[in-house]
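Novice: File name entry-v2.cif; file contents mmCIF, C-alpha atoms and all ligand atoms; full text below.
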```cif
data_structure
loop_
_atom_site.label_atom_id
_atom_site.label_comp_id
_atom_site.auth_asym_id
_atom_site.auth_seq_id
_atom_site.Cartn_x
_atom_site.Cartn_y
_atom_site.Cartn_z
CA MET T 1 65.80 14.05 181.44
CA ASN T 2 63.57 16.42 179.46
CA ILE T 3 65.47 18.65 177.03
CA LEU T 4 64.12 22.18 176.68
CA PRO T 5 65.50 23.61 173.43
CA LYS T 6 66.40 27.28 173.70
CA LEU T 7 68.64 29.86 172.02
CA THR T 8 70.10 32.88 173.80
CA LEU T 9 71.83 35.36 171.53
CA VAL T 10 74.48 37.07 173.66
CA GLY T 11 76.42 40.24 172.79
CA ALA T 12 79.99 39.62 173.93
CA GLY T 13 80.94 43.31 173.80
CA PRO T 14 83.72 44.94 171.79
CA GLY T 15 86.70 42.82 172.85
CA ASP T 16 87.72 43.52 176.45
CA PRO T 17 86.12 40.55 178.26
CA ASP T 18 85.00 42.81 181.12
CA LEU T 19 82.71 44.67 178.72
CA ILE T 20 79.99 42.00 178.70
CA SER T 21 76.77 42.36 180.71
CA VAL T 22 76.05 40.41 183.90
CA LYS T 23 73.10 38.89 182.06
CA GLY T 24 75.44 37.73 179.31
CA ILE T 25 77.69 35.98 181.83
CA LYS T 26 74.65 34.30 183.45
CA ALA T 27 73.54 33.01 180.05
CA ILE T 28 77.03 31.59 179.31
CA ALA T 29 77.07 29.92 182.75
CA ASP T 30 73.72 28.27 182.01
CA ALA T 31 74.58 27.12 178.46
CA ASP T 32 74.67 23.48 177.34
CA VAL T 33 76.42 24.40 174.08
CA ILE T 34 78.15 27.61 173.01
CA LEU T 35 78.63 28.67 169.40
CA TYR T 36 81.04 31.60 169.24
CA ASP T 37 82.45 34.02 166.66
CA ASP T 38 85.91 35.46 165.97
CA LEU T 39 85.22 38.77 167.63
CA ALA T 40 83.84 37.28 170.85
CA ASN T 41 86.70 37.16 173.37
CA LYS T 42 87.59 33.49 174.11
CA GLU T 43 88.16 34.36 177.80
CA LEU T 44 84.38 34.58 178.14
CA LEU T 45 84.17 30.82 177.58
CA THR T 46 85.68 30.30 181.04
CA TYR T 47 82.30 31.29 182.53
CA ALA T 48 80.78 28.12 181.03
CA LYS T 49 80.13 24.92 182.98
CA SER T 50 82.87 22.33 182.57
CA LYS T 51 82.35 19.87 179.71
CA VAL T 52 80.06 22.26 177.83
CA GLU T 53 80.69 21.98 174.11
CA LYS T 54 82.21 25.18 172.72
CA ILE T 55 82.13 25.43 168.97
CA TYR T 56 83.92 28.06 166.91
CA VAL T 57 81.79 29.21 163.99
CA GLY T 58 83.75 32.30 162.94
CA LYS T 59 83.56 33.74 159.47
CA ARG T 60 86.32 36.28 159.06
CA VAL T 61 86.69 38.34 155.89
CA GLY T 62 88.10 36.10 153.17
CA LYS T 63 88.11 33.02 155.45
CA HIS T 64 84.52 31.82 155.58
CA SER T 65 84.69 28.73 157.74
CA HIS T 66 80.92 28.43 158.24
CA THR T 67 78.12 29.78 156.11
CA GLN T 68 75.19 31.50 157.79
CA ASP T 69 72.95 28.58 156.74
CA THR T 70 75.25 26.09 158.49
CA ILE T 71 75.28 28.18 161.65
CA ASN T 72 71.47 28.40 161.66
CA GLU T 73 71.20 24.63 161.25
CA LEU T 74 73.78 23.99 163.99
CA ILE T 75 71.83 26.13 166.45
CA VAL T 76 68.61 24.18 165.84
CA HIS T 77 70.43 20.84 165.92
CA PHE T 78 72.19 21.51 169.24
CA ALA T 79 69.14 23.11 170.86
CA ARG T 80 67.14 19.95 170.16
CA GLU T 81 69.96 17.62 171.15
CA LYS T 82 71.42 19.41 174.20
CA GLY T 83 69.05 22.18 175.34
CA HIS T 84 70.30 25.70 175.93
CA VAL T 85 72.43 27.06 173.07
CA VAL T 86 74.25 30.33 173.66
CA ARG T 87 75.25 32.12 170.50
CA LEU T 88 78.08 34.44 171.50
CA LYS T 89 78.68 37.25 169.04
CA GLY T 90 81.05 40.24 169.05
CA GLY T 91 79.69 43.63 170.08
CA ASP T 92 75.92 43.78 169.81
CA PRO T 93 74.34 40.93 167.82
CA PHE T 94 71.83 43.25 166.15
CA ILE T 95 74.46 45.66 164.80
CA PHE T 96 75.94 44.16 161.64
CA GLY T 97 75.87 40.83 163.42
CA ARG T 98 73.17 38.94 161.49
CA GLY T 99 71.61 38.25 164.88
CA TYR T 100 68.08 38.85 163.69
CA GLU T 101 68.46 36.26 160.92
CA GLU T 102 69.49 33.63 163.47
CA VAL T 103 66.65 34.44 165.85
CA GLU T 104 64.11 34.39 163.02
CA TYR T 105 65.35 31.02 161.73
CA VAL T 106 65.25 29.45 165.18
CA ARG T 107 61.78 30.88 165.98
CA ASN T 108 60.51 29.40 162.72
CA HIS T 109 61.56 26.04 164.14
CA ASN T 110 59.43 26.69 167.23
CA ILE T 111 62.39 27.06 169.54
CA GLU T 112 62.32 29.63 172.34
CA THR T 113 64.74 32.54 171.93
CA ALA T 114 66.15 35.26 174.17
CA ILE T 115 68.45 38.20 173.45
CA VAL T 116 71.11 39.77 175.63
CA PRO T 117 72.30 43.01 173.97
CA GLY T 118 75.99 43.79 173.88
CA ILE T 119 78.16 46.89 173.93
CA SER T 120 78.89 47.64 170.29
CA SER T 121 82.39 48.40 169.00
CA ALA T 122 80.77 51.26 167.09
CA HIS T 123 80.59 53.45 170.18
CA ALA T 124 82.76 51.67 172.79
CA VAL T 125 85.95 51.63 170.70
CA PRO T 126 85.95 55.42 170.03
CA ALA T 127 84.88 56.08 173.63
CA LEU T 128 87.96 54.37 175.03
CA GLN T 129 90.12 56.64 172.87
CA GLY T 130 88.40 59.70 174.30
CA ILE T 131 86.37 60.32 171.14
CA PRO T 132 82.75 61.24 171.91
CA LEU T 133 80.33 60.54 169.09
CA THR T 134 78.26 63.60 169.92
CA SER T 135 79.32 66.73 171.75
CA ARG T 136 77.46 70.00 172.27
CA GLY T 137 78.41 72.51 169.60
CA VAL T 138 80.57 69.99 167.73
CA SER T 139 78.34 67.14 166.55
CA GLN T 140 74.64 66.62 167.08
CA SER T 141 74.31 63.07 165.81
CA TYR T 142 76.18 60.02 164.69
CA TRP T 143 75.69 57.50 161.93
CA VAL T 144 76.94 53.92 162.06
CA VAL T 145 77.38 52.49 158.59
CA THR T 146 79.10 49.55 157.02
CA ALA T 147 81.34 50.26 154.06
CA THR T 148 80.87 46.90 152.41
CA SER T 149 77.64 45.82 150.75
CA LYS T 150 76.49 42.24 150.07
CA ASP T 151 78.14 42.19 146.64
CA GLY T 152 81.42 43.58 148.02
CA THR T 153 81.05 47.13 146.65
CA ILE T 154 81.08 50.28 148.78
CA THR T 155 77.63 50.99 150.26
CA LYS T 156 75.41 53.87 149.11
CA ASP T 157 75.07 54.85 152.78
CA VAL T 158 78.73 55.93 152.89
CA ASN T 159 77.87 58.42 150.16
CA LEU T 160 74.83 59.68 152.08
CA ALA T 161 76.81 59.87 155.34
CA ALA T 162 79.54 61.92 153.65
CA GLN T 163 76.92 64.61 152.95
CA SER T 164 75.75 64.83 156.55
CA THR T 165 77.19 66.86 159.43
CA ALA T 166 77.07 63.81 161.71
CA THR T 167 80.03 61.95 163.18
CA VAL T 168 80.33 58.93 160.87
CA ILE T 169 81.41 55.57 162.27
CA ILE T 170 82.29 53.00 159.65
CA LEU T 171 82.55 49.29 160.40
CA MET T 172 84.09 46.76 158.01
CA GLY T 173 85.74 49.64 156.19
CA THR T 174 89.52 49.09 156.14
CA ARG T 175 89.49 47.43 152.70
CA LYS T 176 87.41 50.28 151.33
CA LEU T 177 89.40 53.11 152.91
CA GLN T 178 90.58 54.65 149.65
CA ALA T 179 87.04 54.70 148.23
CA ILE T 180 85.68 56.09 151.53
CA CYS T 181 88.20 58.96 151.44
CA ALA T 182 87.42 59.67 147.78
CA THR T 183 83.70 59.84 148.64
CA PHE T 184 84.22 62.29 151.52
CA SER T 185 86.63 64.37 149.38
CA ALA T 186 83.97 64.66 146.68
CA TYR T 187 81.85 66.54 149.24
CA GLY T 188 84.67 68.94 150.21
CA LYS T 189 85.61 67.08 153.38
CA GLN T 190 89.36 66.77 152.68
CA ASP T 191 90.29 68.35 156.03
CA THR T 192 87.76 66.49 158.18
CA PRO T 193 89.52 64.60 161.02
CA VAL T 194 89.59 60.79 160.91
CA ALA T 195 90.61 58.20 163.49
CA ILE T 196 91.04 54.51 162.82
CA ILE T 197 91.18 52.19 165.80
CA GLN T 198 92.25 48.60 165.30
CA ASN T 199 91.61 45.90 167.95
CA GLY T 200 89.81 48.46 170.09
CA THR T 201 89.45 47.83 173.86
CA MET T 202 92.11 45.11 173.62
CA GLN T 203 95.68 45.13 174.93
CA ASN T 204 96.97 45.28 171.32
CA GLU T 205 94.76 48.18 170.25
CA LYS T 206 96.26 50.69 167.86
CA MET T 207 95.00 54.08 166.71
CA ILE T 208 96.00 56.39 163.88
CA ILE T 209 94.68 59.92 163.45
CA GLY T 210 94.69 62.12 160.36
CA THR T 211 92.35 63.80 157.91
CA ILE T 212 90.44 62.52 154.90
CA ASN T 213 93.44 63.69 152.84
CA SER T 214 96.12 61.96 154.88
CA ILE T 215 94.58 58.90 156.54
CA TYR T 216 94.92 56.41 153.68
CA ASP T 217 98.71 56.81 153.46
CA LYS T 218 99.00 56.58 157.24
CA ALA T 219 96.90 53.42 157.32
CA VAL T 220 99.08 51.78 154.67
CA LYS T 221 102.25 52.82 156.51
CA GLU T 222 100.95 51.53 159.85
CA ASN T 223 99.58 48.33 158.32
CA ILE T 224 96.07 48.93 159.63
CA SER T 225 93.75 45.98 159.11
CA SER T 226 90.49 44.47 160.30
CA PRO T 227 88.95 44.59 162.87
CA ALA T 228 88.96 48.37 162.91
CA VAL T 229 86.51 51.19 163.51
CA ILE T 230 86.80 54.32 161.34
CA VAL T 231 85.55 57.55 162.92
CA ILE T 232 85.10 60.60 160.69
CA GLY T 233 84.13 63.98 162.12
CA GLU T 234 85.13 66.99 164.18
CA THR T 235 84.77 65.13 167.52
CA VAL T 236 87.93 63.18 166.62
CA LYS T 237 89.82 66.38 167.49
CA LEU T 238 88.60 66.06 171.08
CA SER T 239 90.64 62.87 171.52
CA ASP T 240 93.66 63.37 173.71
CA SER T 241 96.49 60.90 174.18
CA SER T 242 96.57 61.50 177.94
CA TRP T 243 92.82 60.77 178.20
CA LYS T 244 93.14 57.23 179.45
CA GLU T 245 95.66 58.21 182.11
CA ARG T 246 93.67 61.19 183.32
CA LEU T 247 90.35 59.38 183.59
CA ASN T 248 91.94 56.10 184.56
CA LEU T 249 89.58 54.30 182.20
CA ASN T 250 91.71 51.19 182.35
CA GLN T 251 91.51 50.82 186.11
CA TYR T 252 89.62 47.54 185.87
CA PHE T 253 91.92 45.96 183.28
CA GLY T 254 93.74 42.90 184.54
C1 LIG T 301 80.59 41.99 161.46
S1 LIG T 301 80.86 43.52 162.24
C2 LIG T 301 80.24 43.15 163.84
C3 LIG T 301 79.99 44.37 164.68
C4 LIG T 301 79.53 44.00 166.08
N1 LIG T 301 78.24 43.37 166.05
C5 LIG T 301 79.49 45.21 167.02
O1 LIG T 301 78.39 45.62 167.45
O2 LIG T 301 80.56 45.70 167.37
C6 LIG T 301 82.60 43.46 162.46
C7 LIG T 301 83.23 44.83 162.44
O3 LIG T 301 83.06 45.47 163.70
C8 LIG T 301 84.19 46.27 163.99
N2 LIG T 301 84.81 45.78 165.22
C9 LIG T 301 84.35 44.83 166.02
N3 LIG T 301 85.14 44.68 167.12
C10 LIG T 301 86.13 45.59 166.99
C11 LIG T 301 87.25 45.95 167.79
N4 LIG T 301 87.52 45.36 168.96
N5 LIG T 301 88.06 46.95 167.35
C12 LIG T 301 87.81 47.58 166.20
N6 LIG T 301 86.77 47.27 165.40
C13 LIG T 301 85.93 46.31 165.80
C14 LIG T 301 85.11 46.16 162.78
O4 LIG T 301 84.79 47.21 161.88
C15 LIG T 301 84.73 44.82 162.23
O5 LIG T 301 85.08 44.70 160.87
#
```
For this file, write the structure as structure tokens.
Specialist:
Amino acid sequence: MNILPKLTLVGAGPGDPDLISVKGIKAIADADVILYDDLANKELLTYAKSKVEKIYVGKRVGKHSHTQDTINELIVHFAREKGHVVRLKGGDPFIFGRGYEEVEYVRNHNIETAIVPGISSAHAVPALQGIPLTSRGVSQSYWVVTATSKDGTITKDVNLAAQSTATVIILMGTRKLQAICATFSAYGKQDTPVAIIQNGTMQNEKMIIGTINSIYDKAVKENISSPAVIVIGETVKLSDSSWKERLNLNQYFG
């Protein structure tokens, strides 16, 4: 049998396994090998053919089990040995997902690649808490930034974002929360509303709401940890605890 090496990078969505695209499910069902991350819901692996090899290649903060180089090499190795490799990544692979690096590496090895975008936690997680990222008369744009740079320090973009009037969504920010709040305070944003949503779209999701002044203490008290999305801006005020009930957003949850 002729093996046709191929990589499909699939966005698994923000956590709820129903928030993957039909195209993503078709790719999983066609895979000969699946390499998956921490934030990709394991339930999605049930769409795979039986006996397909499913390999965990997660690299959670502080627990790097696989380096990016190893993952790149594994993709090429399995594509040549087995055929269709699906790389299943949380949210959208091109948003803080290092997806482009994987595609580039594999293309440089003359292996065909395809991309199935995913629903990013950056917008889906606030949405399911009734927090719009833009709203007429409240916020005209949104920025998605990471708080943590390559060398582990807070990014310069957090400083730039703090000066804007946009809704600011911060990923990978829980460990930098105190520094984030200090940055926003330095620009007179002490009273700006903040929401932090942990394990968004999942059954164990948890949200705290406060202001730049109060959110750090609340986060410590509530033991907020990764994965969490931090939303800073006036649209946070539009969130309403009865939102889910009223709009029945969870009607398709199992
Ligand atoms: C390496 S980034 C990957 C982002 C992903 N590519 C996306 O588009 O959602 C990981 C960060 O995304 C955020 N994140 C991902 N899934 C989440 C979830 N279900 N709930 C809250 N935050 C989440 C957290 O800030 C986490 O630290």
Novice: For Ile20 (chain T), which residue among T:Gly90, T:Pro5, T:Gly118, T:Gly97 is the nearest when counting only C-alpha atoms?
Specialist: T:Gly118
Novice: Tell me, counting only C-alpha atoms, for each residue of region 209-240 of chain T within 12 Å of region 145-163 of chain T, which pair of atoms is nearest and how far apart they are in Å to one decimal, in rows ordered by chain and increasing number, as JSON lines.
Specialist:
```
{"residue": "T:Ile212", "atom": "CA", "partner": "T:Ala162", "partner_atom": "CA", "distance": 11.0}
{"residue": "T:Ala228", "atom": "CA", "partner": "T:Thr146", "partner_atom": "CA", "distance": 11.5}
{"residue": "T:Val229", "atom": "CA", "partner": "T:Thr146", "partner_atom": "CA", "distance": 10.0}
{"residue": "T:Ile230", "atom": "CA", "partner": "T:Ala147", "partner_atom": "CA", "distance": 10.0}
{"residue": "T:Val231", "atom": "CA", "partner": "T:Val145", "partner_atom": "CA", "distance": 10.5}
{"residue": "T:Ile232", "atom": "CA", "partner": "T:Ala162", "partner_atom": "CA", "distance": 9.1}
{"residue": "T:Gly233", "atom": "CA", "partner": "T:Ala162", "partner_atom": "CA", "distance": 9.9}
```
Novice: Could you turn the residues from that selection into a file that holds C-alpha atoms, as a PDB file, keeping the file's coordinate frame?
Specialist:
```
ATOM      1  CA  ILE T 212      90.440  62.520 154.900  1.00  0.00           C
ATOM      2  CA  ALA T 228      88.960  48.370 162.910  1.00  0.00           C
ATOM      3  CA  VAL T 229      86.510  51.190 163.510  1.00  0.00           C
ATOM      4  CA  ILE T 230      86.800  54.320 161.340  1.00  0.00           C
ATOM      5  CA  VAL T 231      85.550  57.550 162.920  1.00  0.00           C
ATOM      6  CA  ILE T 232      85.100  60.600 160.690  1.00  0.00           C
ATOM      7  CA  GLY T 233      84.130  63.980 162.120  1.00  0.00           C
TER       8      GLY T 233
END
```
Novice: Please identify every residue of chain T that has at least one atom no farther than 6 Å from an atom of ligand LIG 301 (chain T), counting all atoms listed in the file, and for each give the shortest atom pair and the distance in Å to one decimal, arranged by chain then increasing number, as a tab-separated table.
Specialist:
```
residue	atom	partner	partner_atom	distance
T:Pro14	CA	T:LIG301	N4	4.8
T:Gly15	CA	T:LIG301	N4	4.7
T:Leu39	CA	T:LIG301	N3	5.9
T:Gly90	CA	T:LIG301	C4	5.0
T:Gly91	CA	T:LIG301	C5	3.4
T:Asp92	CA	T:LIG301	O1	3.9
T:Pro93	CA	T:LIG301	N1	4.9
T:Ile95	CA	T:LIG301	N1	4.6
T:Phe96	CA	T:LIG301	C2	4.9
T:Gly97	CA	T:LIG301	N1	4.4
T:Ser120	CA	T:LIG301	O1	3.5
T:Ser121	CA	T:LIG301	O2	3.6
T:Ala122	CA	T:LIG301	O2	5.6
T:Leu171	CA	T:LIG301	O4	3.4
T:Met172	CA	T:LIG301	O5	3.7
T:Ile197	CA	T:LIG301	C12	5.7
T:Gln198	CA	T:LIG301	C12	4.6
T:Asn199	CA	T:LIG301	N5	3.8
T:Gly200	CA	T:LIG301	N5	3.6
T:Thr201	CA	T:LIG301	N4	5.8
T:Ser226	CA	T:LIG301	O5	5.4
T:Pro227	CA	T:LIG301	C14	4.1
T:Ala228	CA	T:LIG301	N6	3.5
T:Val229	CA	T:LIG301	N6	4.4
```
Novice: Mind checking which residues fall within 10 Å of Asp69 (chain T), counting only C-alpha atoms, ignoring those fewer than 4 positions away in the same chain, and posting them as a PyMOL selection string?
Specialist: chain T and resi 73-74+101-102+105
Novice: One decimal, in Å: what's the spacing between CA of Cys181 (chain T) and CA of Gly137 (chain T)?
Specialist: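 Straight-line distance from CA of Cys181 (chain T) to CA of Gly137 (chain T) works out to 24.7 Å.
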Novice: What does the structure give for the distance between CA of Glu81 (chain T) and CA of Ile3 (chain T), in Å to one decimal?
Specialist: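 Computing the Euclidean distance for CA of Glu81 (chain T) and CA of Ile3 (chain T) yields 7.5 Å.
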Novice: Please indicate the distance in Å from CA of Asp16 (chain T) to CA of Ile28 (chain T), rounded to one decimal place.
Specialist: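 So the two atoms, CA of Asp16 (chain T) and CA of Ile28 (chain T), lie 16.3 Å apart.
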